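Undergrad: Below you will find the structure I want to go over with you.
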Amino acid sequence: MKPHSFPTITSDNFTIWLGLACAICAFIGYLILGFVRRGDGPEPAIAGFARVCYYACLASIAAACLYLLQSILSGNRFDIAYIYENSSPRDSLLYQISSFWAGQGGSLLLWALMGGLIGVLLLKKLERTSPLLMSFWCSIQCFFLVVMVVDDPVRKLAEFQAGMMGAGLNPLLKNPWMAIHPPVIFLGYALLIVPAAFALQALIDGDASRWARRCLPWALGGWIAMTIGLVLGMVWSYEVLGWGGYWGWDPVENASLVPWLISTALVHGLVLQRVRSRMALWNVVLAFLTFLAVMYATLLTRSGILSAVSVHSFGRTPAFGWLIGFPIAYGVLCTGLLIARWKAVSADAEPLMARSREFALSLGLIVLSLFAMVVLLGTTFTTFNAKSGLDAKFYTHMSIPLAIAMLVLLALSPTMKWGGATSSAKGSSPLRKWGGALAIVAGLALVGGTVSVVSPNTRLFGWLLSEGSAGSRIAAGVMLLLLGSAVVALLSNIKHMAGLSLMRSGAYVSHIGVALLVLGVIFSTAGRSKVIDLTMGGPSTEAFGYRFSYESRKRVSSDAERIGLVARGRGRKLDVPLRVVGSDRGTTFFPYIESNAVRDLYVAPDKIMGDTITPTLSMAENGWVSHPVTIPGTPATLALVGMQVESQLATLSYQRPGLAPVKFDVSEGHPKTIDGYTFIFKGFVSNGAKNMMRVTAGAEIGIRGQGFNETAAVRVAEKPFMSLLWLGALLIPGGGVLAMIRRRREKAA
Amino acid sequence: MSKWMYVLGIVLIAGFAVLMALEMKSAATPYMTKVQDVTESGGSSIQFKGAIVRSKTSYDRATHELRFTLRDDAGKTLDVRYDGPKPGNFDTADVAVVRGVYSEDRLRASQLSLKCPSKYEGQK
């Protein structure tokens, strides 16, 4: 990362400075108001001052956002580094707009705007009663703005020269899901800070009995937004990245999973407090942890730490100190207040009864918290440990027992009553309920384990059994346990939901979603994949009941090609178009997915090869050095000796051993034939597009002729019941929305 | 709630913590930048970062086996075998990070990432 100069005010960023000044004034104003104000007397002058400052701050942030957006859309502000790196007027309007939040600076700006708007709602509802809550909210705005002042999102590009144009949005991010994913996540983050504000106010007031009711809609809203945001990210990962998965346990994903898990616990805790007046202390703690997890996610994703994870050189933003200092300060504040007001919140009325629903819920909170801890520790370990990485199996191994525990609780809780009252008709004892559930799960495990050991090749569980080793049989047994608990949770919730009105079934809908999601995960990961090689016009290859053949390759736009595969089988002919996009970030392949209710056919190009070689040039101390590439199957070499990026023209040197090299130019639409080989220019690639320091540059050259064919290595995978996963992912936030609507109706009534 | 329930809970959580510590230990893959450390790693999973020696790259199209050599700062080299299609940007990368197990004089890589430009979220 480049060294940054000392923060200065420029004509581009003065709105951010102004916003910071206003936010600080509003913060101080509300802080004074919080200590001055007593009772319902006339409004002190300071209240008006603070409010004006708050709105001025919001207006400044909005102006900064509009300025950045307008600069992006103008298509001629590539002197701003952020726009140069993320935007291009060649992109469609949607992707020009979404380049606003494609990088760190713009994301923070958007987040600050969301926080500012939510603050207006808080202001309207709570300003009179809770000025300290407002000062806390202003301090968050200060945090975002100070980070942006130090690490200016509209910083000038140092190497800018007239005529330079941005590379545009990373092709991987050009996807409608990804275009809306960041704003939804930021909305979730901003809303999930609100419960901490309420909790602080409750501690200051020394009364934690009433805040849960007021806080629940905010927490639920934030949780819904976070859930939708995470699911959008999963869909994007599955549809675009081409690795066939939807969750990779990488730190960026984990950073947002931690606040989601804790806020899930918080939402349940708040319900418990609302219904049973319990968990007041725990909810305060969970609200603080949610907030701190959001701050931690900000630190991880916005500090630039993660952008360097794969190469372990921790490039840091100059705002790193602020990014880490604020969360620590908040952590100290929260802990301090909690200790000081411990007594006021720590009295739970009556002991828990093992057969009560609140007992199951409390256990659920513990399981969710443990899960959050696993993800947090793993992520922290990978991010800050410069000496060692962590294999993703850590997360999968740890999450399976937690998921089983969670599903058992989901299966049991609908059968239990608040306060532990037994249902009169059946009179089932808690022992029978818990024992029954355990017996079902243990029985399933026993059956599964026996089947998997006795008959490893059984068709019934064939999906779950990869190889015949003992370890994999144990793994299959564990998976069957997971499968069994998911089925029981699903059936139990469906049974208890029947007969309820839609409005009252929110929790059941979400819990059915969880069970379906787990089932989808189990089945889809049990699917298989294989790599097949195809030659254009060559023989077809079988995979999962289809015969694949490679039929065409067409250029569909200046930067995109379409690889036309055809799959014949199961009584039909299926076109499988694969998109290949070249940009100066390199070549990007996009998968093709054919889905139906029972399985997805996932086809992802691993490499379109054979016909293309990439001779390169690299920058050395005394100029450019070219690296010849052997033409496969021949003794001849091809070297890149010159390139004109503007006119897209490459100068190549073809050499056979013992003969003089032949120099010639190729450009798009102007191939050259030598020795029976035709060389076709396909484009330049580079590994240093961010700055002007292009360390290595190459030209992709297609070859035709004797022995050269268009070949493609394609990974074909069959993923059973992905539909269950997405249905579950839809139902989880769906249940939350139902609960939200129900609350609003109850309130209105 | 009776006392034994608390005891059971504490035991379960303690057991979970132990499991987590064990899992973390077995899933950890130390980063290495010296070839010597890799050759002494004794068959456990490690991660190595080195410069690609371009002249020693070969790729078998039939089996999708990519063989290449990485060099550390001291100039020592490490042969790597990666079973998988050659990544599209392999030819323009200077530095590779490989994860795998060292055995029989070479690193059998199960993961290969290349130092290429990418934004903080776009990379996988």
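By convention here, the chains of the structure tokens are called A, B, ... in the order presented, each chain's residues are numbered starting at 1, and ligands are numbered starting at 1 in the order presented.
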Neighbours of A:Val556 within 12 Å (only C-alpha atoms; same-chain residues fewer than 6 positions away dropped), as a list of chain:residue names?
TA: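 Contacts, with the query itself left out: A:Arg562, A:Ile563, A:Gly564, A:Pro577, A:Leu578, A:Arg579, A:Val580, A:Val581, A:Gly582.
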Undergrad: May I have the selected residues written with N, CA and C atoms, as a tab-separated table (two decimals), in the first residue's frame?
TA:
chain	number	residue	atom	x	y	z
A	562	ARG	N	-18.23	-16.37	-25.62
A	562	ARG	CA	-19.21	-17.36	-25.21
A	562	ARG	C	-18.71	-18.71	-25.67
A	563	ILE	N	-18.49	-19.60	-24.69
A	563	ILE	CA	-18.06	-20.96	-24.99
A	563	ILE	C	-19.33	-21.79	-25.07
A	564	GLY	N	-19.60	-22.33	-26.24
A	564	GLY	CA	-20.86	-23.05	-26.40
A	564	GLY	C	-20.69	-24.55	-26.23
A	577	PRO	N	-24.08	-22.47	-22.24
A	577	PRO	CA	-23.18	-21.38	-22.61
A	577	PRO	C	-22.34	-20.95	-21.40
A	578	LEU	N	-21.04	-20.85	-21.60
A	578	LEU	CA	-20.16	-20.41	-20.53
A	578	LEU	C	-19.57	-19.05	-20.93
A	579	ARG	N	-19.61	-18.12	-20.02
A	579	ARG	CA	-19.14	-16.77	-20.35
A	579	ARG	C	-17.69	-16.61	-19.88
A	580	VAL	N	-16.89	-16.05	-20.74
A	580	VAL	CA	-15.49	-15.76	-20.40
A	580	VAL	C	-15.28	-14.28	-20.60
A	581	VAL	N	-14.86	-13.58	-19.56
A	581	VAL	CA	-14.65	-12.15	-19.67
A	581	VAL	C	-13.19	-11.82	-19.45
A	582	GLY	N	-12.61	-11.11	-20.40
A	582	GLY	CA	-11.23	-10.68	-20.25
A	582	GLY	C	-11.20	-9.21	-19.87
Undergrad: Set out as JSON lines a contact list for chain A and chain B with a cut-off of 6 Å, giving each residue of chain A that qualifies its closest atom pair and distance in Å to one decimal, counting only C-alpha atoms, ordered by chain and rising residue number.
TA:
{"residue": "A:Ser307", "atom": "CA", "partner": "B:Tyr120", "partner_atom": "CA", "distance": 4.5}
{"residue": "A:Leu352", "atom": "CA", "partner": "B:Met1", "partner_atom": "CA", "distance": 5.5}
{"residue": "A:Met353", "atom": "CA", "partner": "B:Met1", "partner_atom": "CA", "distance": 5.6}
{"residue": "A:Lys387", "atom": "CA", "partner": "B:Tyr31", "partner_atom": "CA", "distance": 5.2}
{"residue": "A:Ser388", "atom": "CA", "partner": "B:Pro30", "partner_atom": "CA", "distance": 3.7}
{"residue": "A:Gly389", "atom": "CA", "partner": "B:Thr29", "partner_atom": "CA", "distance": 4.9}
{"residue": "A:Leu390", "atom": "CA", "partner": "B:Ala28", "partner_atom": "CA", "distance": 4.4}
{"residue": "A:Asp391", "atom": "CA", "partner": "B:Ala27", "partner_atom": "CA", "distance": 4.9}
{"residue": "A:Phe394", "atom": "CA", "partner": "B:Ala27", "partner_atom": "CA", "distance": 5.7}
{"residue": "A:Asn687", "atom": "CA", "partner": "B:Cys116", "partner_atom": "CA", "distance": 5.4}
Undergrad: Convert the current residue selection to file output with C-alpha atoms, as a short mmCIF file (atom, residue, chain, number, x, y, z; two decimals), in the first residue's frame.
TA:
data_model
loop_
_atom_site.label_atom_id
_atom_site.label_comp_id
_atom_site.auth_asym_id
_atom_site.auth_seq_id
_atom_site.Cartn_x
_atom_site.Cartn_y
_atom_site.Cartn_z
CA SER A 307 -7.07 -7.59 1.00
CA LEU A 352 -35.44 -22.01 35.21
CA MET A 353 -37.37 -25.22 34.84
CA LYS A 387 2.75 -17.35 11.00
CA SER A 388 -0.04 -19.74 10.24
CA GLY A 389 -3.27 -20.14 8.30
CA LEU A 390 -6.30 -22.19 9.19
CA ASP A 391 -7.89 -24.87 7.07
CA PHE A 394 -11.87 -26.23 11.40
CA ASN A 687 -0.75 -8.36 -13.07
#
Undergrad: Give me the residues near A:Ala197 as a compact mmCIF listing (two decimals) with N, CA and C atoms, in the first residue's frame, where near means some atom within 9 Å (using only C-alpha atoms) and where sequence neighbours in that chain fewer than 6 positions away do not count.
TA:
# COMPACT_ATOMS: atom_id res chain seq x y z
N LEU A 132 -28.59 10.98 25.78
CA LEU A 132 -27.32 10.27 25.83
C LEU A 132 -27.24 9.21 24.72
N LEU A 133 -28.41 8.61 24.45
CA LEU A 133 -28.47 7.64 23.36
C LEU A 133 -28.09 8.32 22.04
N MET A 134 -28.59 9.55 21.87
CA MET A 134 -28.25 10.29 20.65
C MET A 134 -26.76 10.62 20.61
N PHE A 136 -24.38 8.88 21.85
CA PHE A 136 -23.72 7.64 21.45
C PHE A 136 -23.80 7.47 19.93
N TRP A 137 -25.00 7.71 19.39
CA TRP A 137 -25.18 7.55 17.95
C TRP A 137 -24.28 8.52 17.18
N ALA A 287 -26.42 -7.36 23.29
CA ALA A 287 -26.53 -6.13 22.50
C ALA A 287 -25.15 -5.50 22.32
N PHE A 288 -24.38 -5.47 23.40
CA PHE A 288 -23.02 -4.92 23.31
C PHE A 288 -22.16 -5.77 22.38
Undergrad: Enter the distance from atom CA of A:Ala199 to atom CA of A:Val284, in Å, rounded to one decimal.
TA: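 Computed distance, atom CA of A:Ala199 to atom CA of A:Val284, equals 5.4 Å.
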Undergrad: Select, from A:Ile9, A:Leu490, A:Met740, A:Met295, the residue with the minimum atom-to-atom distance to A:Val154, counting only C-alpha atoms.
TA: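 Closest to A:Val154, using only C-alpha atoms: A:Ile9.
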Undergrad: For the structure I just gave you, how does DSSP split chain B - specifically, which residues are strand (DSSP E)? Reply as a PyMOL selection string.
TA: chain B and resi 28-32+45-60+65-71+77-83+95-103+106-114
Undergrad: Would you mind writing down, as a list in words, each residue of stretch 6-85 of chain B that DSSP on the backbone assigns to helix (DSSP H, G or I)?
TA: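 After running DSSP on the backbone, stretch 6-85 of chain B has helix (DSSP H, G or I) at Tyr6, Val7, Leu8, Gly9, Ile10, Val11, Leu12, Ile13, Ala14, Gly15, Phe16, Ala17, Val18, Leu19, Met20, Ala21, Leu22, Glu23, Met24, Lys25, Ser26, Ala27, Val35, Gln36, Asp37, Val38 and Thr39 of chain B.
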Undergrad: For the selection you just gave me, I'd like the residues written to a file as a compact mmCIF listing (two decimals), in the first residue's frame, keeping C-alpha atoms.
TA:
# COMPACT_ATOMS: atom_id res chain seq x y z
CA TYR B 6 -24.90 -26.48 35.92
CA VAL B 7 -22.13 -29.02 36.38
CA LEU B 8 -23.20 -30.83 33.22
CA GLY B 9 -23.32 -27.54 31.33
CA ILE B 10 -19.87 -26.53 32.47
CA VAL B 11 -18.46 -29.95 31.58
CA LEU B 12 -20.04 -29.79 28.12
CA ILE B 13 -18.72 -26.30 27.42
CA ALA B 14 -15.26 -27.25 28.71
CA GLY B 15 -15.31 -30.32 26.47
CA PHE B 16 -16.29 -28.11 23.57
CA ALA B 17 -13.41 -25.75 24.30
CA VAL B 18 -10.96 -28.66 24.34
CA LEU B 19 -12.37 -29.94 21.04
CA MET B 20 -11.98 -26.49 19.56
CA ALA B 21 -8.36 -26.22 20.69
CA LEU B 22 -7.57 -29.64 19.19
CA GLU B 23 -9.33 -28.83 15.93
CA MET B 24 -7.55 -25.52 15.67
CA LYS B 25 -4.22 -27.19 16.19
CA SER B 26 -4.85 -29.76 13.50
CA ALA B 27 -6.29 -27.26 11.02
CA VAL B 35 12.42 -23.87 1.49
CA GLN B 36 14.39 -25.44 4.31
CA ASP B 37 11.42 -25.12 6.68
CA VAL B 38 9.23 -26.87 4.12
CA THR B 39 11.58 -29.82 3.70
Undergrad: Residues at most 7 Å from A:Pro259, counting only C-alpha atoms, excluding those fewer than 2 positions away in the same chain, as a ChimeraX atom specification?
TA: /A:256-257,261-263,290,293-294
Undergrad: Would you work out the distance separating atom CA of B:Gly75 from atom CA of B:Asp105, expressed in Å to one decimal?
TA: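 Spanning atom CA of B:Gly75 to atom CA of B:Asp105 is a straight-line distance of 16.9 Å.
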Undergrad: Contacts of stretch 504-518 of chain A at 8 Å or less, counting only C-alpha atoms, minus same-chain residues fewer than 4 places along, as a PyMOL selection string?
TA: chain A and resi 407+410+483+486-487+489-490+493-494+496-497+500+522+724-739+742
Undergrad: Contacts of B:Val80 at 7 Å or less, counting only C-alpha atoms, minus same-chain residues fewer than 2 places along, as a list in words?
TA: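 Within the cut-off, the hits are Arg67, Phe68, Thr69, Leu78, Tyr82, Arg106, Leu107, Arg108 and Ala109 of chain B.
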Undergrad: Quick one: residues within 9 Å of A:Gly119, only C-alpha atoms counted, chain neighbours fewer than 4 positions away excluded, as number ranges by chain?
TA: A: 54, 114-115, 123-124, 134, 137-138
Undergrad: Filtering to all heavy atoms, could you give me those residues as a PDB file, in the first residue's frame?
TA:
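Here's the written file result01.pdb:
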ATOM      1  N   TYR A  54     -26.802  17.749  14.062  1.00  0.00           N
ATOM      2  CA  TYR A  54     -27.011  16.394  13.572  1.00  0.00           C
ATOM      3  C   TYR A  54     -27.495  16.421  12.121  1.00  0.00           C
ATOM      4  O   TYR A  54     -26.981  15.708  11.267  1.00  0.00           O
ATOM      5  CB  TYR A  54     -28.012  15.620  14.443  1.00  0.00           C
ATOM      6  CG  TYR A  54     -28.080  14.182  13.995  1.00  0.00           C
ATOM      7  CD1 TYR A  54     -27.160  13.268  14.470  1.00  0.00           C
ATOM      8  CD2 TYR A  54     -29.004  13.761  13.041  1.00  0.00           C
ATOM      9  CE1 TYR A  54     -27.146  11.955  14.009  1.00  0.00           C
ATOM     10  CE2 TYR A  54     -29.006  12.458  12.580  1.00  0.00           C
ATOM     11  CZ  TYR A  54     -28.085  11.562  13.075  1.00  0.00           C
ATOM     12  OH  TYR A  54     -28.065  10.273  12.609  1.00  0.00           O
ATOM     13  N   MET A 114     -26.340   5.511   5.814  1.00  0.00           N
ATOM     14  CA  MET A 114     -27.388   4.664   6.415  1.00  0.00           C
ATOM     15  C   MET A 114     -27.500   4.961   7.900  1.00  0.00           C
ATOM     16  O   MET A 114     -28.600   5.104   8.440  1.00  0.00           O
ATOM     17  CB  MET A 114     -27.032   3.192   6.234  1.00  0.00           C
ATOM     18  CG  MET A 114     -26.914   2.809   4.788  1.00  0.00           C
ATOM     19  SD  MET A 114     -28.121   1.564   4.411  1.00  0.00           S
ATOM     20  CE  MET A 114     -27.819   1.287   2.712  1.00  0.00           C
ATOM     21  N   GLY A 115     -26.339   5.027   8.570  1.00  0.00           N
ATOM     22  CA  GLY A 115     -26.329   5.333   9.997  1.00  0.00           C
ATOM     23  C   GLY A 115     -26.990   6.679  10.264  1.00  0.00           C
ATOM     24  O   GLY A 115     -27.791   6.826  11.189  1.00  0.00           O
ATOM     25  N   LEU A 123     -33.912  10.001  16.428  1.00  0.00           N
ATOM     26  CA  LEU A 123     -34.092  11.386  16.863  1.00  0.00           C
ATOM     27  C   LEU A 123     -35.569  11.685  17.069  1.00  0.00           C
ATOM     28  O   LEU A 123     -35.983  12.230  18.086  1.00  0.00           O
ATOM     29  CB  LEU A 123     -33.520  12.280  15.758  1.00  0.00           C
ATOM     30  CG  LEU A 123     -33.115  13.691  16.090  1.00  0.00           C
ATOM     31  CD1 LEU A 123     -31.858  13.662  16.931  1.00  0.00           C
ATOM     32  CD2 LEU A 123     -32.824  14.459  14.797  1.00  0.00           C
ATOM     33  N   LYS A 124     -36.371  11.274  16.090  1.00  0.00           N
ATOM     34  CA  LYS A 124     -37.806  11.556  16.151  1.00  0.00           C
ATOM     35  C   LYS A 124     -38.448  10.853  17.345  1.00  0.00           C
ATOM     36  O   LYS A 124     -39.330  11.406  18.003  1.00  0.00           O
ATOM     37  CB  LYS A 124     -38.492  11.083  14.866  1.00  0.00           C
ATOM     38  CG  LYS A 124     -38.075  11.862  13.633  1.00  0.00           C
ATOM     39  CD  LYS A 124     -39.302  12.461  12.958  1.00  0.00           C
ATOM     40  CE  LYS A 124     -38.976  13.133  11.628  1.00  0.00           C
ATOM     41  NZ  LYS A 124     -38.386  14.448  11.755  1.00  0.00           N
ATOM     42  N   MET A 134     -28.592   9.555  21.868  1.00  0.00           N
ATOM     43  CA  MET A 134     -28.249  10.286  20.648  1.00  0.00           C
ATOM     44  C   MET A 134     -26.761  10.622  20.607  1.00  0.00           C
ATOM     45  O   MET A 134     -26.144  10.602  19.546  1.00  0.00           O
ATOM     46  CB  MET A 134     -29.077  11.571  20.544  1.00  0.00           C
ATOM     47  CG  MET A 134     -30.492  11.376  20.048  1.00  0.00           C
ATOM     48  SD  MET A 134     -30.641  10.316  18.592  1.00  0.00           S
ATOM     49  CE  MET A 134     -29.735  11.263  17.366  1.00  0.00           C
ATOM     50  N   TRP A 137     -25.003   7.712  19.391  1.00  0.00           N
ATOM     51  CA  TRP A 137     -25.183   7.551  17.948  1.00  0.00           C
ATOM     52  C   TRP A 137     -24.284   8.523  17.176  1.00  0.00           C
ATOM     53  O   TRP A 137     -23.689   8.164  16.159  1.00  0.00           O
ATOM     54  CB  TRP A 137     -26.665   7.768  17.589  1.00  0.00           C
ATOM     55  CG  TRP A 137     -26.976   7.186  16.254  1.00  0.00           C
ATOM     56  CD1 TRP A 137     -27.105   7.861  15.078  1.00  0.00           C
ATOM     57  CD2 TRP A 137     -27.125   5.800  15.941  1.00  0.00           C
ATOM     58  NE1 TRP A 137     -27.337   6.986  14.052  1.00  0.00           N
ATOM     59  CE2 TRP A 137     -27.353   5.715  14.552  1.00  0.00           C
ATOM     60  CE3 TRP A 137     -27.095   4.627  16.692  1.00  0.00           C
ATOM     61  CZ2 TRP A 137     -27.547   4.493  13.905  1.00  0.00           C
ATOM     62  CZ3 TRP A 137     -27.280   3.431  16.053  1.00  0.00           C
ATOM     63  CH2 TRP A 137     -27.516   3.363  14.677  1.00  0.00           C
ATOM     64  N   CYS A 138     -24.186   9.756  17.690  1.00  0.00           N
ATOM     65  CA  CYS A 138     -23.315  10.736  17.027  1.00  0.00           C
ATOM     66  C   CYS A 138     -21.861  10.300  17.076  1.00  0.00           C
ATOM     67  O   CYS A 138     -21.087  10.555  16.141  1.00  0.00           O
ATOM     68  CB  CYS A 138     -23.453  12.105  17.680  1.00  0.00           C
ATOM     69  SG  CYS A 138     -25.063  12.827  17.436  1.00  0.00           S
TER      70      CYS A 138
END
Undergrad: So which one's closest to B:Leu66, B:Ser103, B:Asp83, B:Val53, B:Val98? Using only C-alpha atoms, please.
TA: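 Closest residue, counting only C-alpha atoms: B:Asp83.
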Undergrad: To one decimal place in Å, what is the distance between atom CA of A:Arg553 and atom CA of A:Gly571?
TA: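 Taking atom CA of A:Arg553 as the start and atom CA of A:Gly571 as the end point, the length is 25.1 Å.
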